[in-house]
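Engineer: My file is my_file-v9.cif. It has mmCIF, C-alpha atoms:
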```cif
data_my_file
#
loop_
_atom_site.label_atom_id
_atom_site.label_comp_id
_atom_site.auth_asym_id
_atom_site.auth_seq_id
_atom_site.Cartn_x
_atom_site.Cartn_y
_atom_site.Cartn_z
CA MET R 1 60.10 -19.01 -1.83
CA THR R 2 57.22 -17.24 -3.49
CA THR R 3 54.34 -15.38 -1.95
CA MET R 4 50.94 -15.73 -3.55
CA THR R 5 49.50 -12.45 -4.68
CA THR R 6 45.92 -11.86 -5.64
CA ALA R 7 44.54 -9.19 -7.89
CA THR R 8 42.63 -6.60 -5.96
CA ALA R 9 39.01 -6.17 -6.83
CA VAL R 10 38.23 -2.85 -8.43
CA SER R 11 35.67 -0.93 -6.42
CA PRO R 12 32.55 0.31 -8.17
CA PHE R 13 33.36 3.70 -6.63
CA ALA R 14 36.90 3.88 -8.05
CA SER R 15 35.95 6.62 -10.50
CA ASN R 16 34.59 8.84 -7.71
CA PRO R 17 37.03 11.64 -6.78
CA PHE R 18 36.19 11.42 -3.07
CA TYR R 19 36.94 7.69 -3.09
CA ALA R 20 40.27 8.47 -4.75
CA LEU R 21 41.02 11.06 -2.03
CA GLY R 22 40.48 8.42 0.65
CA VAL R 23 42.80 6.01 -1.16
CA ALA R 24 45.46 8.67 -1.58
CA ASP R 25 45.27 9.75 2.07
CA ALA R 26 45.66 6.17 3.31
CA TYR R 27 48.71 5.57 1.09
CA ASP R 28 50.24 8.93 2.03
CA GLU R 29 49.86 8.26 5.74
CA HIS R 30 51.38 4.80 5.34
CA GLN R 31 54.31 6.17 3.33
CA ALA R 32 54.85 8.87 5.96
CA GLY R 33 55.57 6.11 8.49
CA GLU R 34 52.22 5.65 10.18
CA ASP R 35 51.87 2.25 11.87
CA VAL R 36 49.55 -0.23 10.11
CA HIS R 37 47.60 -0.88 13.29
CA THR R 38 47.02 2.84 13.81
CA LEU R 39 45.67 3.08 10.26
CA VAL R 40 43.30 0.16 10.90
CA ARG R 41 42.07 1.76 14.13
CA ARG R 42 41.54 5.08 12.34
CA ALA R 43 39.63 3.39 9.48
CA ASP R 44 37.41 1.56 11.97
CA GLU R 45 36.63 4.83 13.75
CA MET R 46 35.78 6.47 10.42
CA LEU R 47 33.48 3.60 9.49
CA ASP R 48 31.71 3.83 12.84
CA THR R 49 31.04 7.54 12.52
CA ALA R 50 30.30 7.78 8.78
CA PRO R 51 26.77 8.94 7.87
CA ASN R 52 24.39 6.46 6.28
CA ASP R 53 23.93 8.20 2.95
CA THR R 54 25.74 8.25 -0.37
CA GLY R 55 27.49 11.54 0.19
CA PRO R 56 31.12 12.36 -0.43
CA ALA R 57 32.05 11.44 3.14
CA ASN R 58 31.02 7.83 2.59
CA PHE R 59 33.00 7.59 -0.64
CA TYR R 60 36.07 8.97 1.15
CA VAL R 61 35.69 6.54 4.07
CA CYS R 62 35.20 3.58 1.71
CA GLY R 63 38.35 4.46 -0.22
CA TYR R 64 40.35 4.94 2.95
CA ALA R 65 39.12 1.73 4.60
CA ASN R 66 39.58 -0.44 1.50
CA THR R 67 43.12 0.80 1.07
CA VAL R 68 43.99 0.28 4.73
CA ARG R 69 42.68 -3.29 4.55
CA GLY R 70 44.89 -3.88 1.50
CA ILE R 71 47.91 -2.45 3.32
CA LEU R 72 47.14 -4.68 6.32
CA SER R 73 46.90 -7.78 4.09
CA SER R 74 50.25 -6.92 2.55
CA HIS R 75 51.75 -6.44 6.01
CA ILE R 76 50.46 -9.83 7.18
CA ALA R 77 51.84 -11.57 4.06
CA GLN R 78 55.24 -9.98 4.66
CA ILE R 79 55.27 -11.10 8.30
CA ASN R 80 54.32 -14.65 7.27
CA ALA R 81 57.14 -14.78 4.73
CA GLN R 82 59.65 -13.51 7.28
CA THR R 83 58.45 -16.12 9.77
CA ASP R 84 58.98 -18.91 7.24
CA VAL R 85 62.51 -17.71 6.54
CA ALA R 86 63.29 -17.47 10.27
CA GLN R 87 61.93 -20.95 10.98
CA THR R 88 63.99 -22.46 8.17
CA TRP R 89 67.11 -20.69 9.39
CA LEU R 90 66.51 -21.88 12.96
CA ALA R 91 65.94 -25.47 11.83
CA ARG R 92 69.21 -25.41 9.89
CA LYS R 93 71.09 -23.86 12.80
CA GLN R 94 69.82 -26.47 15.24
CA GLY R 95 70.42 -29.37 12.86
CA ARG R 96 66.74 -30.18 12.53
CA GLU R 97 66.77 -29.78 8.78
CA THR R 98 67.61 -33.45 8.40
CA SER R 99 65.32 -34.67 11.16
CA THR R 100 62.94 -37.51 10.38
CA LEU R 101 59.97 -35.13 10.33
CA HIS R 102 61.59 -32.87 7.74
CA THR R 103 62.77 -35.87 5.71
CA ARG R 104 59.32 -37.44 5.79
CA HIS R 105 57.68 -34.24 4.52
CA ARG R 106 60.34 -33.71 1.88
CA HIS R 107 59.90 -37.26 0.53
CA ALA R 108 56.12 -36.96 0.62
CA ARG R 109 56.29 -33.77 -1.45
CA ARG R 110 58.64 -35.36 -3.98
CA ALA R 111 56.38 -38.40 -4.31
CA ALA R 112 53.30 -36.20 -4.78
CA ALA R 113 55.09 -34.05 -7.35
CA SER R 114 56.19 -37.05 -9.42
CA ARG R 115 52.64 -38.42 -9.74
#
```
Rewrite the structure of this file - the entire thing - as structure tokens.

Structural biologist:
Amino acid sequence: MTTMTTATAVSPFASNPFYALGVADAYDEHQAGEDVHTLVRRADEMLDTAPNDTGPANFYVCGYANTVRGILSSHIAQINAQTDVAQTWLARKQGRETSTLHTRHRHARRAAASR
């Protein structure tokens, strides 16, 4: 099974050192064991309280929030892949792998692939 990956868009602020500090802090906190949902909550709070100018604080918050959203997307993709594996295992364990529904989908995919 493969998981589709997409190239992340490079931010126009990526060369700003304060943006890079926000990115680094988000990755460091995640690597230190911080929960993904706590990081998202923290990023949302930062976005709510950030000033409306182009100062260093905004660059930091943008870097932090963009990185946290990327970490969250990765987390969701990992959970989806684990769910697919678990569902396949459960279907095999319960003998549903050869059910008519699975057979119908398997034959439909083969027919579509051979066209």

Engineer: Applying 7 Å and only C-alpha atoms, which residues near stretch 41-47 of chain R remain after dropping the ones on its own chain fewer than 5 positions away? List them as a list in words.

Structural biologist: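 Within the cut-off, the hits are Val61, Tyr64 and Ala65 of chain R.
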
Engineer: Atom CA of R:Ala81 and atom CA of R:Ala24, how far apart in Å?

Structural biologist: 26.9 Å

Engineer: Using all atoms listed in the file, which protein or nucleic acid residues come within 12 Å of R:Glu29? Drop anything in the same chain fewer than 2 positions from it, and give the result as a PyMOL selection string.

Structural biologist: chain R and resi 22-27+31-36+38-40+42-43+64+67-68+71

Engineer: Between atom CA of R:Ser73 and atom CA of R:His30, measure the distance and give it in Å to one decimal.

Structural biologist: 13.4 Å

Engineer: What gap, in Å, lies between atom CA of R:Phe18 and atom CA of R:Gly63?

Structural biologist: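 Pair atom CA of R:Phe18 / atom CA of R:Gly63 returns 7.8 Å.
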
Engineer: Could you check which of R:Phe59, R:Ile79, R:Ser74, R:Asp28 is closest to R:Ser15, using only C-alpha atoms?

Structural biologist: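 Smallest distance to R:Ser15 is found for R:Phe59.
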
Engineer: Using all atoms listed in the file, can you tell me which of R:Cys62, R:Leu90, R:Asp84, R:Asn16 comes closest to R:Ala50?

Structural biologist: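 Comparing R:Cys62, R:Leu90, R:Asp84, R:Asn16 against R:Ala50, the winner is R:Cys62.
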